[in-house]
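Structure data (PDB, N, CA, C and O atoms) from final-v7.pdb:
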ATOM      1  N   MET X 242     -22.234  -7.434  28.559
ATOM      2  CA  MET X 242     -21.068  -7.967  29.218
ATOM      3  C   MET X 242     -20.164  -8.721  28.231
ATOM      4  O   MET X 242     -18.945  -8.623  28.322
ATOM      5  N   LEU X 243     -20.797  -9.452  27.326
ATOM      6  CA  LEU X 243     -20.005 -10.172  26.326
ATOM      7  C   LEU X 243     -19.232  -9.219  25.427
ATOM      8  O   LEU X 243     -18.131  -9.522  24.982
ATOM      9  N   GLY X 244     -19.814  -8.042  25.169
ATOM     10  CA  GLY X 244     -19.146  -7.043  24.339
ATOM     11  C   GLY X 244     -17.842  -6.568  24.971
ATOM     12  O   GLY X 244     -16.852  -6.317  24.277
ATOM     13  N   VAL X 245     -17.835  -6.443  26.282
ATOM     14  CA  VAL X 245     -16.639  -6.009  26.999
ATOM     15  C   VAL X 245     -15.527  -7.042  26.837
ATOM     16  O   VAL X 245     -14.373  -6.708  26.553
ATOM     17  N   PHE X 246     -15.887  -8.323  26.985
ATOM     18  CA  PHE X 246     -14.888  -9.387  26.825
ATOM     19  C   PHE X 246     -14.381  -9.472  25.385
ATOM     20  O   PHE X 246     -13.198  -9.699  25.144
ATOM     21  N   ALA X 247     -15.289  -9.276  24.435
ATOM     22  CA  ALA X 247     -14.888  -9.319  23.026
ATOM     23  C   ALA X 247     -13.917  -8.184  22.705
ATOM     24  O   ALA X 247     -12.927  -8.374  21.995
ATOM     25  N   GLU X 248     -14.201  -6.997  23.231
ATOM     26  CA  GLU X 248     -13.315  -5.858  22.990
ATOM     27  C   GLU X 248     -11.947  -6.081  23.641
ATOM     28  O   GLU X 248     -10.907  -5.779  23.057
ATOM     29  N   PHE X 249     -11.942  -6.638  24.847
ATOM     30  CA  PHE X 249     -10.697  -6.950  25.543
ATOM     31  C   PHE X 249      -9.871  -7.949  24.742
ATOM     32  O   PHE X 249      -8.661  -7.782  24.561
ATOM     33  N   GLU X 250     -10.520  -8.988  24.249
ATOM     34  CA  GLU X 250      -9.837 -10.013  23.450
ATOM     35  C   GLU X 250      -9.266  -9.407  22.165
ATOM     36  O   GLU X 250      -8.142  -9.721  21.761
ATOM     37  N   THR X 251     -10.026  -8.519  21.530
ATOM     38  CA  THR X 251      -9.563  -7.855  20.312
ATOM     39  C   THR X 251      -8.319  -7.011  20.589
ATOM     40  O   THR X 251      -7.368  -7.013  19.807
ATOM     41  N   ASN X 252      -8.327  -6.298  21.703
ATOM     42  CA  ASN X 252      -7.169  -5.480  22.062
ATOM     43  C   ASN X 252      -5.931  -6.341  22.321
ATOM     44  O   ASN X 252      -4.818  -5.986  21.908
ATOM     45  N   LEU X 253      -6.117  -7.475  23.003
ATOM     46  CA  LEU X 253      -4.993  -8.385  23.236
ATOM     47  C   LEU X 253      -4.440  -8.922  21.931
ATOM     48  O   LEU X 253      -3.226  -8.997  21.728
ATOM     49  N   ARG X 254      -5.335  -9.301  21.033
ATOM     50  CA  ARG X 254      -4.914  -9.838  19.733
ATOM     51  C   ARG X 254      -4.141  -8.784  18.947
ATOM     52  O   ARG X 254      -3.109  -9.073  18.337
ATOM     53  N   ARG X 255      -4.616  -7.561  18.976
ATOM     54  CA  ARG X 255      -3.945  -6.469  18.251
ATOM     55  C   ARG X 255      -2.542  -6.225  18.803
ATOM     56  O   ARG X 255      -1.589  -6.032  18.046
ATOM     57  N   GLU X 256      -2.416  -6.236  20.129
ATOM     58  CA  GLU X 256      -1.096  -6.047  20.742
ATOM     59  C   GLU X 256      -0.131  -7.149  20.331
ATOM     60  O   GLU X 256       1.025  -6.881  19.996
ATOM     61  N   ARG X 257      -0.588  -8.406  20.360
ATOM     62  CA  ARG X 257       0.267  -9.527  19.969
ATOM     63  C   ARG X 257       0.675  -9.417  18.507
ATOM     64  O   ARG X 257       1.815  -9.705  18.146
ATOM     65  N   GLN X 258      -0.269  -8.976  17.672
ATOM     66  CA  GLN X 258       0.033  -8.839  16.249
ATOM     67  C   GLN X 258       1.088  -7.758  16.028
ATOM     68  O   GLN X 258       2.038  -7.952  15.261
ATOM     69  N   LEU X 259       0.938  -6.617  16.686
ATOM     70  CA  LEU X 259       1.913  -5.530  16.531
ATOM     71  C   LEU X 259       3.292  -5.940  17.041
ATOM     72  O   LEU X 259       4.307  -5.575  16.451
ATOM     73  N   GLU X 260       3.321  -6.722  18.126
ATOM     74  CA  GLU X 260       4.608  -7.213  18.630
ATOM     75  C   GLU X 260       5.263  -8.147  17.614
ATOM     76  O   GLU X 260       6.471  -8.079  17.383
ATOM     77  N   GLY X 261       4.466  -9.007  16.997
ATOM     78  CA  GLY X 261       4.995  -9.931  15.993
ATOM     79  C   GLY X 261       5.526  -9.207  14.777
ATOM     80  O   GLY X 261       6.572  -9.560  14.222
ATOM     81  N   ILE X 262       4.811  -8.177  14.340
ATOM     82  CA  ILE X 262       5.248  -7.399  13.182
ATOM     83  C   ILE X 262       6.552  -6.675  13.502
ATOM     84  O   ILE X 262       7.481  -6.651  12.691
ATOM     85  N   ALA X 263       6.639  -6.075  14.691
ATOM     86  CA  ALA X 263       7.867  -5.372  15.080
ATOM     87  C   ALA X 263       9.042  -6.342  15.140
ATOM     88  O   ALA X 263      10.154  -6.015  14.699
ATOM     89  N   LYS X 264       8.810  -7.536  15.654
ATOM     90  CA  LYS X 264       9.867  -8.550  15.740
ATOM     91  C   LYS X 264      10.320  -8.982  14.345
ATOM     92  O   LYS X 264      11.514  -9.125  14.076
ATOM     93  N   ALA X 265       9.360  -9.166  13.433
ATOM     94  CA  ALA X 265       9.700  -9.569  12.063
ATOM     95  C   ALA X 265      10.469  -8.459  11.337
ATOM     96  O   ALA X 265      11.408  -8.729  10.592
ATOM     97  N   LYS X 266      10.071  -7.206  11.556
ATOM     98  CA  LYS X 266      10.788  -6.089  10.934
ATOM     99  C   LYS X 266      12.218  -6.016  11.439
ATOM    100  O   LYS X 266      13.143  -5.750  10.670
ATOM    101  N   ALA X 267      12.401  -6.247  12.730
ATOM    102  CA  ALA X 267      13.746  -6.211  13.300
ATOM    103  C   ALA X 267      14.609  -7.326  12.723
ATOM    104  O   ALA X 267      15.817  -7.154  12.541
ATOM    105  N   ALA X 268      13.983  -8.456  12.397
ATOM    106  CA  ALA X 268      14.722  -9.586  11.822
ATOM    107  C   ALA X 268      14.907  -9.433  10.310
ATOM    108  O   ALA X 268      15.596 -10.231   9.688
ATOM    109  N   GLY X 269      14.289  -8.391   9.721
ATOM    110  CA  GLY X 269      14.422  -8.158   8.286
ATOM    111  C   GLY X 269      13.547  -9.039   7.430
ATOM    112  O   GLY X 269      13.776  -9.183   6.236
ATOM    113  N   VAL X 270      12.529  -9.632   8.027
ATOM    114  CA  VAL X 270      11.646 -10.541   7.296
ATOM    115  C   VAL X 270      10.450  -9.796   6.731
ATOM    116  O   VAL X 270       9.979 -10.072   5.639
ATOM    117  N   TYR X 271       9.953  -8.828   7.453
ATOM    118  CA  TYR X 271       8.719  -8.125   7.105
ATOM    119  C   TYR X 271       9.066  -6.892   6.283
ATOM    120  O   TYR X 271       9.483  -5.866   6.816
ATOM    121  N   ARG X 272       8.928  -6.993   4.982
ATOM    122  CA  ARG X 272       9.301  -5.878   4.108
ATOM    123  C   ARG X 272       8.117  -5.294   3.365
ATOM    124  O   ARG X 272       8.229  -4.252   2.758
ATOM    125  N   GLY X 273       7.019  -5.988   3.338
ATOM    126  CA  GLY X 273       5.868  -5.511   2.590
ATOM    127  C   GLY X 273       5.961  -5.922   1.133
ATOM    128  O   GLY X 273       6.887  -6.619   0.709
ATOM    129  N   ARG X 274       5.012  -5.468   0.369
ATOM    130  CA  ARG X 274       4.929  -5.830  -1.038
ATOM    131  C   ARG X 274       5.896  -4.987  -1.866
ATOM    132  O   ARG X 274       6.078  -3.798  -1.612
ATOM    133  N   LYS X 275       6.483  -5.589  -2.883
ATOM    134  CA  LYS X 275       7.376  -4.854  -3.769
ATOM    135  C   LYS X 275       6.532  -3.936  -4.664
ATOM    136  O   LYS X 275       5.427  -4.289  -5.049
ATOM    137  N   PRO X 276       7.063  -2.763  -5.000
ATOM    138  CA  PRO X 276       6.323  -1.843  -5.865
ATOM    139  C   PRO X 276       6.048  -2.477  -7.233
ATOM    140  O   PRO X 276       6.931  -3.097  -7.824
ATOM    141  N   SER X 277       4.823  -2.316  -7.712
ATOM    142  CA  SER X 277       4.468  -2.905  -9.002
ATOM    143  C   SER X 277       4.446  -1.866 -10.116
ATOM    144  O   SER X 277       4.280  -2.208 -11.277
ATOM    145  N   ILE X 278       4.609  -0.598  -9.756
ATOM    146  CA  ILE X 278       4.566   0.484 -10.742
ATOM    147  C   ILE X 278       5.907   1.203 -10.731
ATOM    148  O   ILE X 278       6.420   1.570  -9.676
ATOM    149  N   ASP X 279       6.458   1.431 -11.915
ATOM    150  CA  ASP X 279       7.710   2.167 -12.040
ATOM    151  C   ASP X 279       7.385   3.650 -12.229
ATOM    152  O   ASP X 279       6.887   4.039 -13.291
ATOM    153  N   PRO X 280       7.636   4.500 -11.231
ATOM    154  CA  PRO X 280       7.298   5.925 -11.344
ATOM    155  C   PRO X 280       8.018   6.613 -12.502
ATOM    156  O   PRO X 280       7.456   7.503 -13.149
ATOM    157  N   ASP X 281       9.250   6.194 -12.785
ATOM    158  CA  ASP X 281       9.994   6.817 -13.885
ATOM    159  C   ASP X 281       9.334   6.530 -15.229
ATOM    160  O   ASP X 281       9.310   7.379 -16.114
ATOM    161  N   GLN X 282       8.787   5.320 -15.371
ATOM    162  CA  GLN X 282       8.121   4.961 -16.617
ATOM    163  C   GLN X 282       6.854   5.798 -16.810
ATOM    164  O   GLN X 282       6.572   6.264 -17.920
ATOM    165  N   VAL X 283       6.104   6.015 -15.737
ATOM    166  CA  VAL X 283       4.888   6.825 -15.811
ATOM    167  C   VAL X 283       5.248   8.256 -16.208
ATOM    168  O   VAL X 283       4.619   8.842 -17.100
ATOM    169  N   LYS X 284       6.271   8.803 -15.592
ATOM    170  CA  LYS X 284       6.672  10.181 -15.898
ATOM    171  C   LYS X 284       7.204  10.300 -17.320
ATOM    172  O   LYS X 284       6.943  11.295 -17.999
ATOM    173  N   ALA X 285       7.923   9.276 -17.791
ATOM    174  CA  ALA X 285       8.442   9.300 -19.158
ATOM    175  C   ALA X 285       7.301   9.286 -20.177
ATOM    176  O   ALA X 285       7.354   9.987 -21.186
ATOM    177  N   LEU X 286       6.285   8.492 -19.902
ATOM    178  CA  LEU X 286       5.139   8.442 -20.821
ATOM    179  C   LEU X 286       4.388   9.771 -20.827
ATOM    180  O   LEU X 286       3.890  10.209 -21.867
ATOM    181  N   LYS X 287       4.311  10.423 -19.681
ATOM    182  CA  LYS X 287       3.651  11.721 -19.602
ATOM    183  C   LYS X 287       4.431  12.764 -20.399
ATOM    184  O   LYS X 287       3.850  13.586 -21.098
ATOM    185  N   VAL X 288       5.765  12.709 -20.322
ATOM    186  CA  VAL X 288       6.617  13.647 -21.063
ATOM    187  C   VAL X 288       6.450  13.436 -22.562
ATOM    188  O   VAL X 288       6.513  14.387 -23.345
ATOM    189  N   GLN X 289       6.213  12.179 -22.967
ATOM    190  CA  GLN X 289       6.010  11.867 -24.390
ATOM    191  C   GLN X 289       4.680  12.388 -24.902
ATOM    192  O   GLN X 289       4.415  12.331 -26.098
ATOM    193  N   GLY X 290       3.819  12.873 -23.996
ATOM    194  CA  GLY X 290       2.566  13.459 -24.418
ATOM    195  C   GLY X 290       1.342  12.581 -24.210
ATOM    196  O   GLY X 290       0.251  12.938 -24.643
ATOM    197  N   MET X 291       1.512  11.452 -23.557
ATOM    198  CA  MET X 291       0.372  10.584 -23.288
ATOM    199  C   MET X 291      -0.482  11.174 -22.176
ATOM    200  O   MET X 291       0.030  11.783 -21.244
ATOM    201  N   GLY X 292      -1.780  10.969 -22.279
ATOM    202  CA  GLY X 292      -2.690  11.399 -21.228
ATOM    203  C   GLY X 292      -2.745  10.373 -20.107
ATOM    204  O   GLY X 292      -2.238   9.260 -20.226
ATOM    205  N   VAL X 293      -3.398  10.757 -19.026
ATOM    206  CA  VAL X 293      -3.463   9.896 -17.853
ATOM    207  C   VAL X 293      -4.197   8.594 -18.156
ATOM    208  O   VAL X 293      -3.743   7.506 -17.797
ATOM    209  N   THR X 294      -5.325   8.682 -18.840
ATOM    210  CA  THR X 294      -6.099   7.482 -19.170
ATOM    211  C   THR X 294      -5.301   6.561 -20.077
ATOM    212  O   THR X 294      -5.291   5.336 -19.897
ATOM    213  N   GLU X 295      -4.615   7.142 -21.029
ATOM    214  CA  GLU X 295      -3.807   6.359 -21.967
ATOM    215  C   GLU X 295      -2.647   5.655 -21.237
ATOM    216  O   GLU X 295      -2.355   4.486 -21.499
ATOM    217  N   ILE X 296      -2.015   6.369 -20.306
ATOM    218  CA  ILE X 296      -0.924   5.780 -19.523
ATOM    219  C   ILE X 296      -1.450   4.617 -18.687
ATOM    220  O   ILE X 296      -0.836   3.551 -18.639
ATOM    221  N   SER X 297      -2.600   4.819 -18.054
ATOM    222  CA  SER X 297      -3.142   3.768 -17.198
ATOM    223  C   SER X 297      -3.511   2.525 -18.001
ATOM    224  O   SER X 297      -3.284   1.403 -17.554
ATOM    225  N   ARG X 298      -4.035   2.705 -19.189
ATOM    226  CA  ARG X 298      -4.359   1.547 -20.042
ATOM    227  C   ARG X 298      -3.093   0.858 -20.531
ATOM    228  O   ARG X 298      -3.023  -0.368 -20.571
ATOM    229  N   HIS X 299      -2.095   1.647 -20.897
ATOM    230  CA  HIS X 299      -0.839   1.097 -21.411
ATOM    231  C   HIS X 299      -0.119   0.249 -20.362
ATOM    232  O   HIS X 299       0.431  -0.808 -20.675
ATOM    233  N   LEU X 300      -0.131   0.715 -19.110
ATOM    234  CA  LEU X 300       0.582   0.021 -18.045
ATOM    235  C   LEU X 300      -0.298  -0.954 -17.262
ATOM    236  O   LEU X 300       0.199  -1.712 -16.432
ATOM    237  N   GLY X 301      -1.600  -0.888 -17.491
ATOM    238  CA  GLY X 301      -2.508  -1.782 -16.784
ATOM    239  C   GLY X 301      -2.686  -1.422 -15.317
ATOM    240  O   GLY X 301      -2.811  -2.293 -14.466
ATOM    241  N   ILE X 302      -2.689  -0.125 -15.021
ATOM    242  CA  ILE X 302      -2.870   0.347 -13.653
ATOM    243  C   ILE X 302      -4.042   1.321 -13.630
ATOM    244  O   ILE X 302      -4.544   1.747 -14.669
ATOM    245  N   GLY X 303      -4.472   1.691 -12.438
ATOM    246  CA  GLY X 303      -5.581   2.619 -12.295
ATOM    247  C   GLY X 303      -5.170   4.060 -12.558
ATOM    248  O   GLY X 303      -4.008   4.436 -12.383
ATOM    249  N   ARG X 304      -6.148   4.854 -12.992
ATOM    250  CA  ARG X 304      -5.866   6.271 -13.239
ATOM    251  C   ARG X 304      -5.453   6.991 -11.967
ATOM    252  O   ARG X 304      -4.619   7.886 -11.994
ATOM    253  N   GLY X 305      -6.053   6.590 -10.844
ATOM    254  CA  GLY X 305      -5.698   7.203  -9.564
ATOM    255  C   GLY X 305      -4.227   7.020  -9.237
ATOM    256  O   GLY X 305      -3.585   7.914  -8.682
ATOM    257  N   SER X 306      -3.688   5.864  -9.591
ATOM    258  CA  SER X 306      -2.265   5.603  -9.356
ATOM    259  C   SER X 306      -1.404   6.530 -10.197
ATOM    260  O   SER X 306      -0.379   7.041  -9.741
ATOM    261  N   VAL X 307      -1.826   6.757 -11.425
ATOM    262  CA  VAL X 307      -1.076   7.654 -12.312
ATOM    263  C   VAL X 307      -1.123   9.078 -11.769
ATOM    264  O   VAL X 307      -0.098   9.760 -11.694
ATOM    265  N   TYR X 308      -2.316   9.526 -11.365
ATOM    266  CA  TYR X 308      -2.442  10.868 -10.799
ATOM    267  C   TYR X 308      -1.577  11.012  -9.547
ATOM    268  O   TYR X 308      -0.930  12.036  -9.349
ATOM    269  N   ARG X 309      -1.562   9.982  -8.697
ATOM    270  CA  ARG X 309      -0.785  10.046  -7.465
ATOM    271  C   ARG X 309       0.708  10.173  -7.761
ATOM    272  O   ARG X 309       1.427  10.924  -7.131
ATOM    273  N   LEU X 310       1.185   9.434  -8.774
ATOM    274  CA  LEU X 310       2.604   9.496  -9.121
ATOM    275  C   LEU X 310       2.971  10.829  -9.767
ATOM    276  O   LEU X 310       4.059  11.359  -9.548
ATOM    277  N   LEU X 311       2.085  11.353 -10.582
ATOM    278  CA  LEU X 311       2.370  12.609 -11.266
ATOM    279  C   LEU X 311       2.188  13.817 -10.336
ATOM    280  O   LEU X 311       2.752  14.880 -10.596
ATOM    281  N   ASP X 312       1.427  13.653  -9.270
ATOM    282  CA  ASP X 312       1.198  14.744  -8.331
ATOM    283  C   ASP X 312       2.467  15.095  -7.570
ATOM    284  O   ASP X 312       2.647  16.221  -7.134
ATOM    285  N   GLY X 313       3.394  14.164  -7.456
ATOM    286  CA  GLY X 313       4.636  14.395  -6.738
ATOM    287  C   GLY X 313       5.636  15.225  -7.510
ATOM    288  O   GLY X 313       6.686  15.560  -7.004
ATOM    289  N   GLU X 314       5.344  15.561  -8.739
ATOM    290  CA  GLU X 314       6.291  16.338  -9.558
ATOM    291  C   GLU X 314       6.411  17.755  -9.085
ATOM    292  O   GLU X 314       5.562  18.417  -8.677
TER
END
I need this file expressed as structure tokens, please.
Amino acid sequence: MLGVFAEFETNLRRERQLEGIAKAKAAGVYRGRKPSIDPDQVKALKVQGMGVTEISRHLGIGRGSVYRLLDGE
């Protein structure tokens, strides 16, 4: 029985949170995190002949991030 109440409370909390986020987005407050990786810089380094591991070490980002950016080409 307690599980039912806990699930109900969780659903109410989620609804309130989504309403708050929608309200903040409408007010222009909720923008999310600014991008920390410049896709053009990654592509330029790849054109220069750098490998994925080398690019990731040079920029201090993960290899997966480099692969994800280069996959869009």
Within 8 Å of X:Ile296, counting only N, CA, C and O atoms, which residues show up once you throw out same-chain ones fewer than 6 positions away? Write them as a list of chain:residue names, please.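 Returned residues: X:Gln282, X:Val283, X:Leu286, X:Lys287, X:Ile302, X:Gly303, X:Arg304, X:Val307.
Going from atom N of X:Val288 over to atom N of X:Tyr308, you cover 12.5 Å.
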With DSSP run on the backbone, what are the alpha helix (DSSP H) residues within chain X? I'd like them as a ChimeraX atom specification. /X:243-268,280-288,293-300,304-312
Computed interatomic separation between atom CA of X:Pro280 and atom CA of X:Leu311 (Å):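 Atom-to-atom, atom CA of X:Pro280 to atom CA of X:Leu311, that is 8.3 Å.
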Quick one: 8 Å padding each side, axis-aligned, all listed atoms of stretch 292-310 of chain X - centre and edge lengths in Å to one decimal, as lines of an AutoDock Vina configuration file?
center_x = -1.0
center_y = 4.9
center_z = -14.7
size_x = 26.2
size_y = 30.3
size_z = 31.1
For X:Leu300, which residue among X:Ala263, X:Val270, X:Ile278, X:Ala285 is the nearest when counting only C-alpha atoms?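 Closest to X:Leu300, using only C-alpha atoms: X:Ile278.
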Interatomic distance between atom O of X:Gly273 and atom O of X:His299?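 These two atoms are separated by 23.1 Å.
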Hey, which of X:Glu260, X:Pro276, X:Gly305, X:Glu250 ends up closest to X:Val293? Count only N, CA, C and O atoms. X:Gly305
Select, from X:Gly244, X:Asp312, X:Asn252, X:Gly301, the residue with the minimum atom-to-atom distance to X:Ser277, counting all atoms listed in the file. X:Gly301
So, counting only C-alpha atoms, which residue among X:Ala267, X:Leu253, X:Leu243, X:Leu310 is closest to X:Asp281?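 Among the listed residues, X:Leu310 lies closest to X:Asp281.
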For stretch 294-306 of chain X of the block above, can you save N, CA, C and O atoms as a compact mmCIF listing (two decimals), in the first residue's frame?
# COMPACT_ATOMS: atom_id res chain seq x y z
N THR X 294 41.99 10.05 -31.16
CA THR X 294 42.59 10.05 -29.82
C THR X 294 43.42 11.31 -29.61
O THR X 294 43.37 11.94 -28.54
N GLU X 295 44.15 11.69 -30.63
CA GLU X 295 44.99 12.89 -30.55
C GLU X 295 44.13 14.16 -30.38
O GLU X 295 44.45 15.04 -29.59
N ILE X 296 43.02 14.22 -31.12
CA ILE X 296 42.10 15.36 -31.01
C ILE X 296 41.52 15.42 -29.61
O ILE X 296 41.46 16.49 -29.00
N SER X 297 41.10 14.28 -29.09
CA SER X 297 40.49 14.27 -27.76
C SER X 297 41.48 14.69 -26.68
O SER X 297 41.12 15.42 -25.76
N ARG X 298 42.72 14.29 -26.80
CA ARG X 298 43.74 14.71 -25.83
C ARG X 298 44.04 16.20 -25.96
O ARG X 298 44.20 16.90 -24.97
N HIS X 299 44.12 16.67 -27.20
CA HIS X 299 44.43 18.08 -27.45
C HIS X 299 43.36 19.01 -26.89
O HIS X 299 43.67 20.07 -26.33
N LEU X 300 42.09 18.62 -27.04
CA LEU X 300 40.99 19.47 -26.60
C LEU X 300 40.50 19.14 -25.18
O LEU X 300 39.68 19.86 -24.63
N GLY X 301 40.97 18.03 -24.64
CA GLY X 301 40.56 17.65 -23.30
C GLY X 301 39.12 17.15 -23.23
O GLY X 301 38.41 17.40 -22.27
N ILE X 302 38.69 16.44 -24.27
CA ILE X 302 37.34 15.88 -24.32
C ILE X 302 37.45 14.38 -24.56
O ILE X 302 38.51 13.85 -24.87
N GLY X 303 36.33 13.69 -24.43
CA GLY X 303 36.31 12.25 -24.64
C GLY X 303 36.33 11.88 -26.11
O GLY X 303 35.89 12.65 -26.97
N ARG X 304 36.86 10.69 -26.38
CA ARG X 304 36.89 10.21 -27.77
C ARG X 304 35.49 10.05 -28.34
O ARG X 304 35.26 10.29 -29.52
N GLY X 305 34.56 9.62 -27.48
CA GLY X 305 33.18 9.46 -27.93
C GLY X 305 32.59 10.76 -28.44
O GLY X 305 31.83 10.78 -29.41
N SER X 306 32.95 11.86 -27.80
CA SER X 306 32.47 13.17 -28.24
C SER X 306 33.03 13.51 -29.61
O SER X 306 32.33 14.06 -30.47
